[in-house]
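Q: Just passing along the structure, written as structure tokens.
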Amino acid sequence: MTFSIVARCKETGMLGVASSTARPAVGSLVLHAESNVGAIATQAAVNPYFGIYGLQYLKEGLSPEEVVAKVRSEDEEDEKRQLIIVDHQGKVAGYTGEETVDWKGHILKDGFAVAGNMLVGQEVVDQMAEAYEHSEESYLPLRLFEALEAGQAAGGDKRGRQSAAIKVVDKASYAIVDLRVDEHDDPIPELRRVYEEAEKNLFPYIETLPIYEKG
């Protein structure tokens, strides 16, 4: 019932995650990201702790594949879940549980991963991967938008559309992009509109905020 992408920008090290679904407020549970750590999308029968603990395990030094194995081992209903991860080095991992709803699947690429369940077909994730991989945009948030838009153009969630969200982190502990459309007839174009408003009235302000070094 959801299609998502996680990615790391090779040039800047930014980490991001974006998602859309036919349920309200996809950004409240599915999207997880932390600067210099990683980005995670946890979906299908969502287990938010896959994102919460997953980021913690990445900080402890586990690889994305090890994180997938660990969070699955801690969940008795892991076959109902779907998960994709990218870490701060661009390593990726993911899995799609056998009990998630068709069409379901994920694609792991160099520095990014896409996944979906309850989709109209495999073409949704195929087109998302194609759009991200061959984008002419250099700025990570815009590449994530292109992937979401390609997924929706390919049919997206077979139940319809309702919410969309994007989160991107860079050097600060806070996100540089953290936007949601929680309930809308066409959420991805609406999210793009909100992003364009933020470009004028929010992002320039965020650029003036302090960045504290951890430790």
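Following the order of the structure tokens, first chain is A, next is B, and so on, with residues numbered from 1 inside each chain and ligands from 1 in the order they appear.
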Do you have, as JSON lines, the list of residues of range 131-211 of chain A lying at most 12 Å from range 88-105 of chain A, each with its nearest atom pair and that distance in Å to one decimal, counting only C-alpha atoms and ordered by chain then number?
A:
{"residue": "A:Gly155", "atom": "CA", "partner": "A:Trp103", "partner_atom": "CA", "distance": 11.5}
{"residue": "A:Gly156", "atom": "CA", "partner": "A:Trp103", "partner_atom": "CA", "distance": 10.4}
{"residue": "A:Asp157", "atom": "CA", "partner": "A:Trp103", "partner_atom": "CA", "distance": 9.3}
{"residue": "A:Lys158", "atom": "CA", "partner": "A:Trp103", "partner_atom": "CA", "distance": 8.8}
{"residue": "A:Arg159", "atom": "CA", "partner": "A:Val101", "partner_atom": "CA", "distance": 11.7}
{"residue": "A:Val169", "atom": "CA", "partner": "A:His88", "partner_atom": "CA", "distance": 10.8}
{"residue": "A:Asp170", "atom": "CA", "partner": "A:His88", "partner_atom": "CA", "distance": 10.4}
{"residue": "A:Lys171", "atom": "CA", "partner": "A:His88", "partner_atom": "CA", "distance": 11.3}
Q: Using DSSP on the backbone coordinates, identify the residues of chain A assigned to strand (DSSP E); present them as a PyMOL selection string.
A: chain A and resi 2-8+15-21+31-34+38-44+81-87+92-96+105-109+112-117+163-169+175-181
Q: Pick out the closest residue to Val17 in chain A from this set: A:Val120, A:Ile166, A:Leu191, A:Leu58. Count only C-alpha atoms.
A: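 When distances to Val17 in chain A are compared using only C-alpha atoms, the smallest one comes from A:Ile166.
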Q: I'd like the interatomic distance between CA of Val86 in chain A and CA of Ala41 in chain A, to a tenth of an Å.
A: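 According to the coordinates, CA of Val86 in chain A and CA of Ala41 in chain A are separated by 9.4 Å.
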Q: Pull the alpha helix (DSSP H) assignments for range 64-193 of chain A out of DSSP run on the backbone, and list those residues as a VMD selection string.
A: chain A and resid 64 to 73 123 to 133 140 to 153 187 to 193
Q: From the options A:Gly16, A:Glu196, A:Gln152, A:His134, which residue's atoms come nearest to Gly121 in chain A, counting only C-alpha atoms?
A: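 Of the candidates, the smallest distance to Gly121 in chain A is held by A:Gln152.
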Q: Identify which of the residues A:Glu213, A:Glu149, A:Glu183, A:Glu11 lies closest to Pro24 in chain A, counting only C-alpha atoms when measuring atom-to-atom distances.
A: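 Closest residue, counting only C-alpha atoms: A:Glu183.
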Q: Please measure the separation of CA of Ala164 in chain A and CA of Tyr57 in chain A, giving the value in Å to one decimal.
A: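 These atoms are spaced 26.6 Å apart.
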Q: Separation of CA of Phe145 in chain A and CA of Arg72 in chain A, in Å?
A: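 The value is 29.2 Å.
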Q: Which residues are near Ala113 in chain A? Cut-off 6 Å, only C-alpha atoms, ignore same chain within fewer than 6 positions. Put them as number ranges by chain.
A: A: 5-6, 107
Q: I'd like the neighbourhood of range 139-143 of chain A as a ChimeraX atom specification, where a residue qualifies if any of its atoms comes within 12 Å (using only C-alpha atoms), though same-chain residues fewer than 4 positions away should be ignored.
A: /A:5-18,111-112,128-135,147-150,165-170,175-179,191-192,195-196,199
Q: Considering only C-alpha atoms, state which residue in the set A:Pro189, A:Leu83, A:Gln56, A:Asn201 is at the smallest distance from Ala69 in chain A.
A: A:Leu83
Q: Please determine, counting only C-alpha atoms, which residue among A:Arg23, A:Gly116, A:Tyr174, A:Arg161 has the shortest atom-to-atom distance to Ile211 in chain A.
A: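 Ranking A:Arg23, A:Gly116, A:Tyr174, A:Arg161 by distance to Ile211 in chain A, first place goes to A:Tyr174.
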Q: Between A:Ala44, A:Leu55, A:Leu108, A:Ala115, which is the closest to Phe3 in chain A once you count only C-alpha atoms?
A: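 Looking only at the distances to Phe3 in chain A, the closest residue turns out to be A:Ala115.
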